[in-house]
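Colleague: Would you mind keeping the following structure in view while I ask a few things?
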Amino acid sequence: METKAIPQQLPPIFSIPFFKLYFRGISQVMFQVNAWTGIFFLAGIFYGAYTSDMPAVAWGAVVGTFASTITGYLLKYPVDKGTNGLWGFNGVLVGCALPTFLGDVPLMWIALILFSAMTTWIMVGLNHLLAPYKVSSFTFPFVLITWFILMAARIMQGLPDMGLSRPELPSSVPFALDTNFNNLLVYWLTGISQVFLINSWVTGVLFLIGLFISNQWAALWAAVGSAFALAIAILYQCNGSDIANGLFGFSPVLTAIALGTTFYHVNWRTAIWALWGVIATVFIQAALDVFFAPLGIPTLTGPFCIATWLFLWPHLHLDKKTLQG
Amino acid sequence: METKAIPQQLPPIFSIPFFKLYFRGISQVMFQVNAWTGIFFLAGIFYGAYTSDMPAVAWGAVVGTFASTITGYLLKYPVDKGTNGLWGFNGVLVGCALPTFLGDVPLMWIALILFSAMTTWIMVGLNHLLAPYKVSSFTFPFVLITWFILMAARIMQGLPDMGLSRPELPSSVPFALDTNFNNLLVYWLTGISQVFLINSWVTGVLFLIGLFISNQWAALWAAVGSAFALAIAILYQCNGSDIANGLFGFSPVLTAIALGTTFYHVNWRTAIWALWGVIATVFIQAALDVFFAPLGIPTLTGPFCIATWLFLWPHLHLDKKTLQG
Amino acid sequence: METKAIPQQLPPIFSIPFFKLYFRGISQVMFQVNAWTGIFFLAGIFYGAYTSDMPAVAWGAVVGTFASTITGYLLKYPVDKGTNGLWGFNGVLVGCALPTFLGDVPLMWIALILFSAMTTWIMVGLNHLLAPYKVSSFTFPFVLITWFILMAARIMQGLPDMGLSRPELPSSVPFALDTNFNNLLVYWLTGISQVFLINSWVTGVLFLIGLFISNQWAALWAAVGSAFALAIAILYQCNGSDIANGLFGFSPVLTAIALGTTFYHVNWRTAIWALWGVIATVFIQAALDVFFAPLGIPTLTGPFCIATWLFLWPHLHLDKKTLQG
């Protein structure tokens with residue numbers, strides 16, 4: 001994730017500068033360090049959550065970011081990680097995911113707070129594991145923790161699993177998809193909104209604006225990533241309703257930003273690399289959909305993590321920014 | 001695992017000092033280096049196995065410990081590992097697990113000997129993998145090997161799989177649990193006995209005594225771990241019959257000992273950490289129950305390994321014993 | 001994989017020396033660096049593919065090797081890896097596997113080319129991960145990529161999955177196997193041919209000849225590995241039709257060559273080690289068969305990779321070639 005030179009001391013909790021750090025945490029989901037970007041992202045989450053009558057998702061995002069950020073304070077982890085927002089991005093995603101898939105009951109909120117907080121040290125641990133390979137754990141702390149909770153919810157009566165699919169053996173699914181231009185536009189933007197588990201093209205637009213404020217290349221690559229993933233998913237005729245709901249788009253969006261601009265310099269060579277990464281992400285998305293079908297568990301951003309690692313590890317000894325030796 | 005200063009030469013096989021080393025191996029399952037502890041553990045195994053009419057489990061434990069310990073001799077692995085009992089703890093668990101889940105036939109005993117022996121070098125290998133991250137492989141060599149054998153038994157007619165559950169898609173299960181005080185006491189102690197796959201509250205008492213002899217904090221944390229896990233499992237309304245059989249207790253018992261006293265100094269700060277680890281272990285237990293449902297395979301102590309790694313990795317660069325920088 | 005002193009410059013693509021390198025890539029599947037061996041292997045593939053009326057498998061092998069080898073050129077990876085054939089062995093296997101399990105349609109060929117190429121950098125990345133543990137990624141880049149594609153094909157209408165098994169919960173399967181001597185001979189040789197997903201005893205003979213040209217010990221260990229695996233699979237009464245089709249043989253063949261001669265010096269001590277590795281591979285083969293049953297996905301050479309890693313990691317600090325300190 002990108003870093004900026006910032007004062008090396010943490011602001012008091014709930015002060016104004018604290019909220020700068022807080023919103024930076026939300027922006028880090030798409031590799032940005034920009035409080036305004038975070039505000040646009042949270043606005044998009046609120047819009048999408050309220051228009052689909054799931055306000056708990058929005059408030060989950062707010063609470064999850066607090067829990068994981070404050071955990072960084074309490075555990076006295078390195079200050080620069082905190083000021084760059086690295087304590088918030090896994091927490092906000094746990095906060096979005098739990099109310100999306102589970103019932104809005106007190107036990108869900110307790111789990112949401114406990115496990116959002118936990119992402120902060122899981123991240124530190126997984127980053128230690130990955131440090132020798134010069135990559136970070138991305139959103140995988142969120143992915144791993146949420147996989148555990150959602151699987152657990154299958155047998156915990158205290159966590160109603162009404163938002164999860166029914167477990168079933170994988171089978172081929174109808175492609176049937178309405179591909180007129182307007183619909184394609186909606187699928188494309190929804191792919192971007194699904195990064196935060198939101199199903200709304202308006203939210204997709206808000207996310208693009210938020211990205212654009214911070215880094216124009218990131219906005220471009222998010223847009224290209226979702227569009228190219230949509231094209232591949234249609235070409236290979238994946239599950240039509242998943243395509244329409246943007247579920248083949250959100251992981252490729254993150255892969256595209258990561259490979260297209262965050263970890264490599266923008267040029268034609270790295271652009272081809274990033275597009276190839278998007279193709280891989282679409283296949284890994286479909287593969288993990290199948291892998292988790294018997295459990296009825298969503299892939300979350302697992303496909304992004306796997307694909308991006310696979311496209312960064314080979315160049316451990318190169319100047320990654322240019323893909324040259 | 002803890003170590004003591006001990007003579008740096010291996011005793012002859014089947015000599016009296018050999019049995020000291022042998023029983024230390026059994027005690028290492030709960031991180032102790034104490035032959036008396038191992039004797040109490042084995043006594044508990046024999047009591048539980050014979051009272052539930054499964055004597056093969058007890059003799060499996062005896063044989064498995066021999067196979068894995070003698071393998072350390074034959075492969076000439078470092079003497080101090082052997083004298084500290086690190087060659088025995090995976091073997092004894094393979095020895096308990098195979099007769100628990102598979103039929104008592106000669107081919108099962110051949111597999112038991114071959115794969116108990118194998119745990120000794122699998123452990124050395126996995127410890128190499130984990131060395132840079134300053135954790136060891138815990139009971140994971142046993143877990144991995146036993147997962148392989150039990151899955152294989154599903155299609156090996158030579159290994160009758162009568163002790164395994166039927167493979168089925170995960171579904172929610174009734175919580176229905178009799179929670180009067182006497183029953184809770186039984187569940188709590190059974191959670192401790194299940195560390196060695198034994199379903200008996202008396203065995204749980206013998207295990208606590210064995211621990212107490214070696215390390216009072218370990219006994220306390222085993223007791224607290226099982227009790228707190230029981231509370232969490234009831235709060236979140238997990239599978240009632242699994243709770244009653246102690247199946248939500250045994251992994252948290254190990255997590256609690258590991259985090260509460262073995263790898264961190266005992267203090268309030270680390271106590272909170274250990275309790276949090278217990279919560280995570282219960283969720284990971286439920287998650288892996290679901291993950292393995294379509295295969296009908298038990299989780300073994302996998303949840304303990306995963307949770308404890310996740311709670312040790314972040315503090316790679318700290319003085320772990322105090323959780324301070 | 002073995003290496004030879006060879007000119008440190010890549011030949012022009014499609015020159016005669018390029019084809020030397022190309023065929024060495026095919027020979028590297030069984031750890032050889034010998035163009036003639038590669039030619040025999042490809043001949044075996046063509047024989048098997050055409051006699052079972054699946055010519056696409058043979059041409060897939062040809063195309064896959066090109067795609068992955070040329071990718072090494074384009075990405076300017078270290079020359080010595082290329083001249084030793086390390087860019088080809090994963091590609092040829094992807095090229096065999098995709099037409100074996102998927103329909104012969106243009107979208108399959110596009111995936112075959114894209115993902116064969118991808119194995120070259122996935123290999124570089126995974127080798128980086130494994131470098132501190134002094135093992136390489138073996139055929140795992142092929143395994144991982146192909147698992148992804150085959151799982152994806154379950155929900156991609158564009159990739160007909162007619163060659164895959166139906167997803168189903170694991171259940172015990174009849175052992176019923178005709179074990180007269182002639183049949184055993186066929187099963188044994190078919191186990192060798194299945195290294196390249198070919199079901200033909202003639203191909204098995206061609207592979208043995210190819211190996212013998214390069215390294216007589218490798219040929220011997222391939223033969224012993226398949227035979228011993230056959231014995232273990234019969235002893236433990238695995239799935240009869242899988243045994244007959246050589247599906248319990250191909251991974252043990254690779255384990256046997258790897259442990260018996262490639263990574264350890266040939267002697268009695270390492271021979272026992274290699275045979276033990278073969279036993280482990282048969283169990284892991286059965287285990288992964290069960291693990292993937294609900295997805296209907298083949299194990300590929302995953303069991304070989306896992307078993308061989310488990311038998312190499314412990315001896316990180318030894319002179320591996322002798323298994324002595």
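Ligands are numbered from 1 in the order shown, chains are lettered A, B, ... in the order of the structure tokens, and residues start at 1 in each chain.
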Please report as a VMD selection string which residues of chain B come no farther than 6 Å from chain C, using only C-alpha atoms.

Modeller: chain B and resid 121 124 to 125 148 151 to 152 154 to 158

Colleague: Restricting it to all heavy atoms, dump the selection as an mmCIF file, in the first residue's frame.

Modeller:
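Result file is out_1.cif:
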data_model
loop_
_atom_site.group_PDB
_atom_site.id
_atom_site.type_symbol
_atom_site.label_atom_id
_atom_site.label_comp_id
_atom_site.auth_asym_id
_atom_site.auth_seq_id
_atom_site.Cartn_x
_atom_site.Cartn_y
_atom_site.Cartn_z
ATOM 1 N N TRP B 121 9.600 -37.019 11.183
ATOM 2 C CA TRP B 121 10.331 -36.178 10.213
ATOM 3 C C TRP B 121 9.454 -35.112 9.576
ATOM 4 O O TRP B 121 9.968 -34.072 9.170
ATOM 5 C CB TRP B 121 11.106 -36.985 9.187
ATOM 6 C CG TRP B 121 10.371 -37.802 8.183
ATOM 7 C CD1 TRP B 121 9.794 -37.361 7.036
ATOM 8 C CD2 TRP B 121 10.196 -39.231 8.194
ATOM 9 N NE1 TRP B 121 9.265 -38.423 6.342
ATOM 10 C CE2 TRP B 121 9.495 -39.578 7.023
ATOM 11 C CE3 TRP B 121 10.571 -40.238 9.069
ATOM 12 C CZ2 TRP B 121 9.165 -40.901 6.701
ATOM 13 C CZ3 TRP B 121 10.234 -41.551 8.752
ATOM 14 C CH2 TRP B 121 9.532 -41.872 7.594
ATOM 15 N N VAL B 124 10.014 -32.276 11.830
ATOM 16 C CA VAL B 124 11.290 -31.588 11.584
ATOM 17 C C VAL B 124 11.163 -30.693 10.353
ATOM 18 O O VAL B 124 11.605 -29.544 10.353
ATOM 19 C CB VAL B 124 12.427 -32.612 11.413
ATOM 20 C CG1 VAL B 124 13.711 -31.918 10.978
ATOM 21 C CG2 VAL B 124 12.638 -33.373 12.707
ATOM 22 N N GLY B 125 10.527 -31.206 9.305
ATOM 23 C CA GLY B 125 10.353 -30.416 8.088
ATOM 24 C C GLY B 125 9.487 -29.195 8.307
ATOM 25 O O GLY B 125 9.859 -28.080 7.932
ATOM 26 N N PHE B 148 -4.864 -36.938 6.102
ATOM 27 C CA PHE B 148 -4.582 -37.724 4.895
ATOM 28 C C PHE B 148 -5.092 -39.169 5.051
ATOM 29 O O PHE B 148 -5.766 -39.696 4.182
ATOM 30 C CB PHE B 148 -3.075 -37.751 4.585
ATOM 31 C CG PHE B 148 -2.538 -36.475 3.989
ATOM 32 C CD1 PHE B 148 -1.248 -36.035 4.284
ATOM 33 C CD2 PHE B 148 -3.297 -35.719 3.105
ATOM 34 C CE1 PHE B 148 -0.740 -34.858 3.722
ATOM 35 C CE2 PHE B 148 -2.795 -34.538 2.536
ATOM 36 C CZ PHE B 148 -1.512 -34.114 2.855
ATOM 37 N N MET B 151 -9.002 -39.343 5.200
ATOM 38 C CA MET B 151 -9.592 -39.122 3.876
ATOM 39 C C MET B 151 -9.350 -40.345 2.999
ATOM 40 O O MET B 151 -10.256 -40.822 2.309
ATOM 41 C CB MET B 151 -9.011 -37.859 3.232
ATOM 42 C CG MET B 151 -9.603 -36.577 3.814
ATOM 43 S SD MET B 151 -9.278 -35.104 2.807
ATOM 44 C CE MET B 151 -7.607 -34.704 3.311
ATOM 45 N N ALA B 152 -8.117 -40.853 3.024
ATOM 46 C CA ALA B 152 -7.792 -42.027 2.213
ATOM 47 C C ALA B 152 -8.692 -43.203 2.580
ATOM 48 O O ALA B 152 -9.136 -43.964 1.699
ATOM 49 C CB ALA B 152 -6.322 -42.405 2.398
ATOM 50 N N ARG B 154 -11.652 -43.315 3.280
ATOM 51 C CA ARG B 154 -12.958 -43.226 2.623
ATOM 52 C C ARG B 154 -13.009 -44.100 1.368
ATOM 53 O O ARG B 154 -14.069 -44.588 0.983
ATOM 54 C CB ARG B 154 -13.238 -41.777 2.200
ATOM 55 C CG ARG B 154 -13.593 -40.882 3.326
ATOM 56 C CD ARG B 154 -15.117 -40.803 3.452
ATOM 57 N NE ARG B 154 -15.499 -40.118 4.663
ATOM 58 C CZ ARG B 154 -16.222 -40.666 5.630
ATOM 59 N NH1 ARG B 154 -16.652 -41.908 5.536
ATOM 60 N NH2 ARG B 154 -16.534 -39.985 6.695
ATOM 61 N N ILE B 155 -11.863 -44.234 0.676
ATOM 62 C CA ILE B 155 -11.879 -45.055 -0.538
ATOM 63 C C ILE B 155 -10.971 -46.272 -0.442
ATOM 64 O O ILE B 155 -10.834 -47.007 -1.408
ATOM 65 C CB ILE B 155 -11.530 -44.252 -1.810
ATOM 66 C CG1 ILE B 155 -10.170 -43.575 -1.694
ATOM 67 C CG2 ILE B 155 -12.611 -43.249 -2.125
ATOM 68 C CD1 ILE B 155 -9.703 -43.000 -3.036
ATOM 69 N N MET B 156 -10.333 -46.474 0.708
ATOM 70 C CA MET B 156 -9.526 -47.683 0.887
ATOM 71 C C MET B 156 -10.387 -48.710 1.617
ATOM 72 O O MET B 156 -10.657 -48.556 2.822
ATOM 73 C CB MET B 156 -8.266 -47.373 1.696
ATOM 74 C CG MET B 156 -7.204 -46.604 0.923
ATOM 75 S SD MET B 156 -5.770 -46.219 1.975
ATOM 76 C CE MET B 156 -4.524 -45.829 0.718
ATOM 77 N N GLN B 157 -10.806 -49.755 0.907
ATOM 78 C CA GLN B 157 -11.612 -50.786 1.543
ATOM 79 C C GLN B 157 -10.847 -51.472 2.667
ATOM 80 O O GLN B 157 -11.431 -52.049 3.576
ATOM 81 C CB GLN B 157 -12.034 -51.840 0.515
ATOM 82 C CG GLN B 157 -12.823 -51.274 -0.658
ATOM 83 C CD GLN B 157 -14.209 -50.856 -0.243
ATOM 84 O OE1 GLN B 157 -14.808 -51.492 0.594
ATOM 85 N NE2 GLN B 157 -14.694 -49.774 -0.828
ATOM 86 N N GLY B 158 -9.522 -51.404 2.613
ATOM 87 C CA GLY B 158 -8.702 -52.047 3.636
ATOM 88 C C GLY B 158 -8.717 -51.331 4.975
ATOM 89 O O GLY B 158 -8.240 -51.871 5.968
#

Colleague: Could you list, as a ChimeraX atom specification, every residue within 7 Å of Ile297 (chain B), counting only C-alpha atoms and ignoring same-chain residues fewer than 6 positions away?

Modeller: /B:150-151,164-165

Colleague: Give me a file of those residues, with C-alpha atoms, as a CSV table (one decimal), in the first residue's frame.

Modeller:
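Just written: again12.csv:
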chain,number,residue,atom,x,y,z
B,150,LEU,CA,-8.8,-40.6,7.3
B,151,MET,CA,-9.6,-39.1,3.9
B,164,LEU,CA,-16.1,-41.4,10.8
B,165,SER,CA,-19.2,-39.3,10.2

Colleague: Excluding Leu189 (chain A) and residues on its chain fewer than 3 positions from it, collect all residues at most 7 Å away from it, counting only C-alpha atoms, and give them as a ChimeraX atom specification.

Modeller: /A:185-186,192-193,201,204-205

Colleague: For those residues, write N, CA, C and O atoms to a file as a CSV table (one decimal), in the first residue's frame.

Modeller:
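Written file, selection_3.csv:
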chain,number,residue,atom,x,y,z
A,185,LEU,N,-23.3,-1.2,-18.7
A,185,LEU,CA,-22.9,-0.1,-17.9
A,185,LEU,C,-23.1,-0.3,-16.4
A,185,LEU,O,-22.2,-0.1,-15.6
A,186,VAL,N,-24.3,-0.8,-16.2
A,186,VAL,CA,-24.7,-1.1,-14.8
A,186,VAL,C,-23.8,-2.2,-14.2
A,186,VAL,O,-23.3,-2.1,-13.1
A,192,ILE,N,-17.5,-2.5,-9.6
A,192,ILE,CA,-16.6,-1.6,-8.7
A,192,ILE,C,-17.2,-1.5,-7.3
A,192,ILE,O,-16.5,-1.5,-6.3
A,193,SER,N,-18.6,-1.3,-7.3
A,193,SER,CA,-19.2,-1.1,-5.9
A,193,SER,C,-19.0,-2.4,-5.1
A,193,SER,O,-19.0,-2.3,-3.9
A,201,TRP,N,-24.9,0.7,-8.9
A,201,TRP,CA,-24.0,1.4,-9.9
A,201,TRP,C,-23.7,2.8,-9.4
A,201,TRP,O,-22.6,3.3,-9.7
A,204,GLY,N,-20.8,2.6,-7.4
A,204,GLY,CA,-19.6,2.5,-8.3
A,204,GLY,C,-19.1,3.8,-8.7
A,204,GLY,O,-17.9,4.1,-8.8
A,205,VAL,N,-20.0,4.7,-9.1
A,205,VAL,CA,-19.6,6.1,-9.5
A,205,VAL,C,-18.9,6.8,-8.4
A,205,VAL,O,-17.8,7.4,-8.6

Colleague: Just give me the gap between CA of Pro55 (chain B) and CA of Thr255 (chain B) in Å, one decimal is fine.

Modeller: 28.5 Å

Colleague: Residues at most 12 Å from region 210-220 of chain C, counting only C-alpha atoms, excluding those fewer than 6 positions away in the same chain, as a ChimeraX atom specification?

Modeller: /C:2,23-24,26-44,192-193,203-204,226-228,253-267,271

Colleague: Write a file of the just-selected residues containing N, CA and C atoms, as a CSV table (one decimal), in the first residue's frame.

Modeller:
chain,number,residue,atom,x,y,z
C,2,GLU,N,17.9,-31.4,-12.4
C,2,GLU,CA,19.3,-31.5,-12.7
C,2,GLU,C,19.7,-30.4,-13.7
C,23,PHE,N,12.7,-29.8,-26.2
C,23,PHE,CA,12.5,-31.2,-25.8
C,23,PHE,C,13.0,-31.4,-24.4
C,24,ARG,N,14.1,-30.7,-24.1
C,24,ARG,CA,14.6,-30.8,-22.7
C,24,ARG,C,13.4,-30.4,-21.7
C,26,ILE,N,10.3,-30.9,-22.0
C,26,ILE,CA,9.4,-32.1,-21.8
C,26,ILE,C,10.1,-33.1,-21.0
C,27,SER,N,11.4,-33.3,-21.1
C,27,SER,CA,12.1,-34.3,-20.3
C,27,SER,C,12.1,-33.9,-18.8
C,28,GLN,N,12.0,-32.6,-18.5
C,28,GLN,CA,12.1,-32.1,-17.1
C,28,GLN,C,10.9,-32.6,-16.3
C,29,VAL,N,9.8,-33.0,-16.9
C,29,VAL,CA,8.7,-33.5,-16.2
C,29,VAL,C,9.1,-34.6,-15.3
C,30,MET,N,10.1,-35.4,-15.8
C,30,MET,CA,10.6,-36.5,-14.9
C,30,MET,C,12.0,-36.2,-14.5
C,31,PHE,N,12.4,-34.9,-14.4
C,31,PHE,CA,13.6,-34.4,-13.8
C,31,PHE,C,14.8,-34.7,-14.7
C,32,GLN,N,14.7,-34.9,-16.0
C,32,GLN,CA,15.8,-35.1,-16.9
C,32,GLN,C,16.1,-33.8,-17.7
C,33,VAL,N,17.3,-33.8,-18.2
C,33,VAL,CA,17.7,-32.7,-19.1
C,33,VAL,C,18.3,-33.3,-20.3
C,34,ASN,N,17.4,-33.8,-21.2
C,34,ASN,CA,17.8,-34.6,-22.3
C,34,ASN,C,16.8,-34.5,-23.4
C,35,ALA,N,17.2,-33.9,-24.5
C,35,ALA,CA,16.3,-33.7,-25.6
C,35,ALA,C,15.7,-35.0,-26.2
C,36,TRP,N,16.6,-36.1,-26.2
C,36,TRP,CA,16.1,-37.3,-26.8
C,36,TRP,C,15.0,-37.9,-25.8
C,37,THR,N,15.3,-37.8,-24.5
C,37,THR,CA,14.2,-38.2,-23.6
C,37,THR,C,12.9,-37.5,-23.9
C,38,GLY,N,13.0,-36.2,-24.1
C,38,GLY,CA,11.8,-35.4,-24.4
C,38,GLY,C,11.1,-35.9,-25.7
C,39,ILE,N,11.9,-36.3,-26.7
C,39,ILE,CA,11.3,-36.8,-27.9
C,39,ILE,C,10.6,-38.1,-27.7
C,40,PHE,N,11.2,-39.0,-26.9
C,40,PHE,CA,10.5,-40.2,-26.5
C,40,PHE,C,9.2,-39.9,-25.8
C,41,PHE,N,9.3,-39.0,-24.8
C,41,PHE,CA,8.1,-38.7,-24.1
C,41,PHE,C,7.0,-38.2,-25.0
C,42,LEU,N,7.4,-37.3,-25.9
C,42,LEU,CA,6.4,-36.7,-26.8
C,42,LEU,C,5.8,-37.8,-27.7
C,43,ALA,N,6.7,-38.7,-28.2
C,43,ALA,CA,6.2,-39.8,-29.0
C,43,ALA,C,5.2,-40.6,-28.2
C,44,GLY,N,5.5,-40.9,-27.0
C,44,GLY,CA,4.6,-41.6,-26.1
C,44,GLY,C,3.2,-40.9,-26.0
C,192,ILE,N,2.9,-45.4,-15.3
C,192,ILE,CA,4.0,-44.6,-15.8
C,192,ILE,C,3.5,-43.6,-16.8
C,193,SER,N,2.6,-44.1,-17.7
C,193,SER,CA,2.1,-43.3,-18.8
C,193,SER,C,1.3,-42.1,-18.3
C,203,THR,N,2.7,-46.4,-24.2
C,203,THR,CA,3.3,-45.1,-23.8
C,203,THR,C,4.2,-45.3,-22.6
C,204,GLY,N,3.8,-46.1,-21.6
C,204,GLY,CA,4.6,-46.4,-20.4
C,204,GLY,C,6.0,-46.9,-20.8
C,226,SER,N,6.2,-47.2,-9.7
C,226,SER,CA,4.8,-47.6,-10.2
C,226,SER,C,4.4,-49.0,-9.6
C,227,ALA,N,5.4,-49.9,-9.6
C,227,ALA,CA,5.1,-51.2,-9.1
C,227,ALA,C,4.8,-51.2,-7.6
C,228,PHE,N,5.6,-50.5,-6.8
C,228,PHE,CA,5.4,-50.5,-5.4
C,228,PHE,C,4.1,-49.8,-5.1
C,253,VAL,N,5.4,-42.5,-9.2
C,253,VAL,CA,6.5,-42.6,-10.1
C,253,VAL,C,7.4,-41.4,-9.9
C,254,LEU,N,6.8,-40.2,-9.9
C,254,LEU,CA,7.6,-39.0,-9.8
C,254,LEU,C,8.3,-38.9,-8.4
C,255,THR,N,7.5,-39.3,-7.3
C,255,THR,CA,8.1,-39.3,-6.0
C,255,THR,C,9.4,-40.2,-6.0
C,256,ALA,N,9.2,-41.4,-6.6
C,256,ALA,CA,10.3,-42.4,-6.6
C,256,ALA,C,11.5,-41.8,-7.3
C,257,ILE,N,11.3,-41.2,-8.5
C,257,ILE,CA,12.5,-40.7,-9.2
C,257,ILE,C,13.1,-39.6,-8.3
C,258,ALA,N,12.3,-38.7,-7.8
C,258,ALA,CA,12.8,-37.5,-7.0
C,258,ALA,C,13.6,-38.0,-5.8
C,259,LEU,N,13.0,-38.9,-5.0
C,259,LEU,CA,13.7,-39.3,-3.8
C,259,LEU,C,14.7,-40.3,-4.0
C,260,GLY,N,14.5,-41.2,-5.0
C,260,GLY,CA,15.4,-42.3,-5.2
C,260,GLY,C,16.7,-42.0,-5.9
C,261,THR,N,16.7,-40.9,-6.7
C,261,THR,CA,17.9,-40.6,-7.5
C,261,THR,C,18.1,-39.2,-7.7
C,262,THR,N,17.1,-38.4,-7.9
C,262,THR,CA,17.4,-37.0,-8.3
C,262,THR,C,17.9,-36.1,-7.1
C,263,PHE,N,17.3,-36.3,-6.0
C,263,PHE,CA,17.6,-35.4,-4.9
C,263,PHE,C,18.5,-36.1,-3.8
C,264,TYR,N,18.6,-37.4,-3.9
C,264,TYR,CA,19.4,-38.1,-3.0
C,264,TYR,C,20.4,-39.0,-3.8
C,265,HIS,N,21.6,-39.3,-3.3
C,265,HIS,CA,22.4,-40.3,-3.9
C,265,HIS,C,21.8,-41.7,-3.8
C,266,VAL,N,22.0,-42.5,-4.8
C,266,VAL,CA,21.4,-43.8,-4.8
C,266,VAL,C,22.2,-44.7,-3.8
C,267,ASN,N,21.5,-45.2,-2.7
C,267,ASN,CA,22.1,-46.2,-1.8
C,267,ASN,C,21.0,-46.8,-1.1
C,271,ALA,N,17.1,-45.6,-0.6
C,271,ALA,CA,16.1,-46.4,-1.2
C,271,ALA,C,14.9,-46.7,-0.3

Colleague: Pick out the residues sitting within 8 Å of Met118 (chain B), and hand them over as a ChimeraX atom specification; count only C-alpha atoms, and ignore anything fewer than 4 positions along from it in its own chain.

Modeller: /B:68,71,114,122

Colleague: Can you list, as JSON, numbers by chain, every protein, DNA or RNA residue that comes within 12 Å of Val57 (chain C) when you count only C-alpha atoms, leaving out same-chain residues fewer than 3 positions away?

Modeller: {"C": [42, 44, 45, 46, 47, 48, 49, 50, 51, 52, 53, 54, 60, 61, 62, 63, 64, 92, 93, 94, 95, 96, 97, 98, 99, 100, 101, 102, 103, 104, 108, 109, 112, 196, 197, 198, 199]}

Colleague: How would you write, as a VMD selection string, the set of residues in region 58-182 of chain A that DSSP gives as alpha helix (DSSP H)?

Modeller: chain A and resid 58 to 74 79 to 83 89 to 101 106 to 130 140 to 153 181 to 182
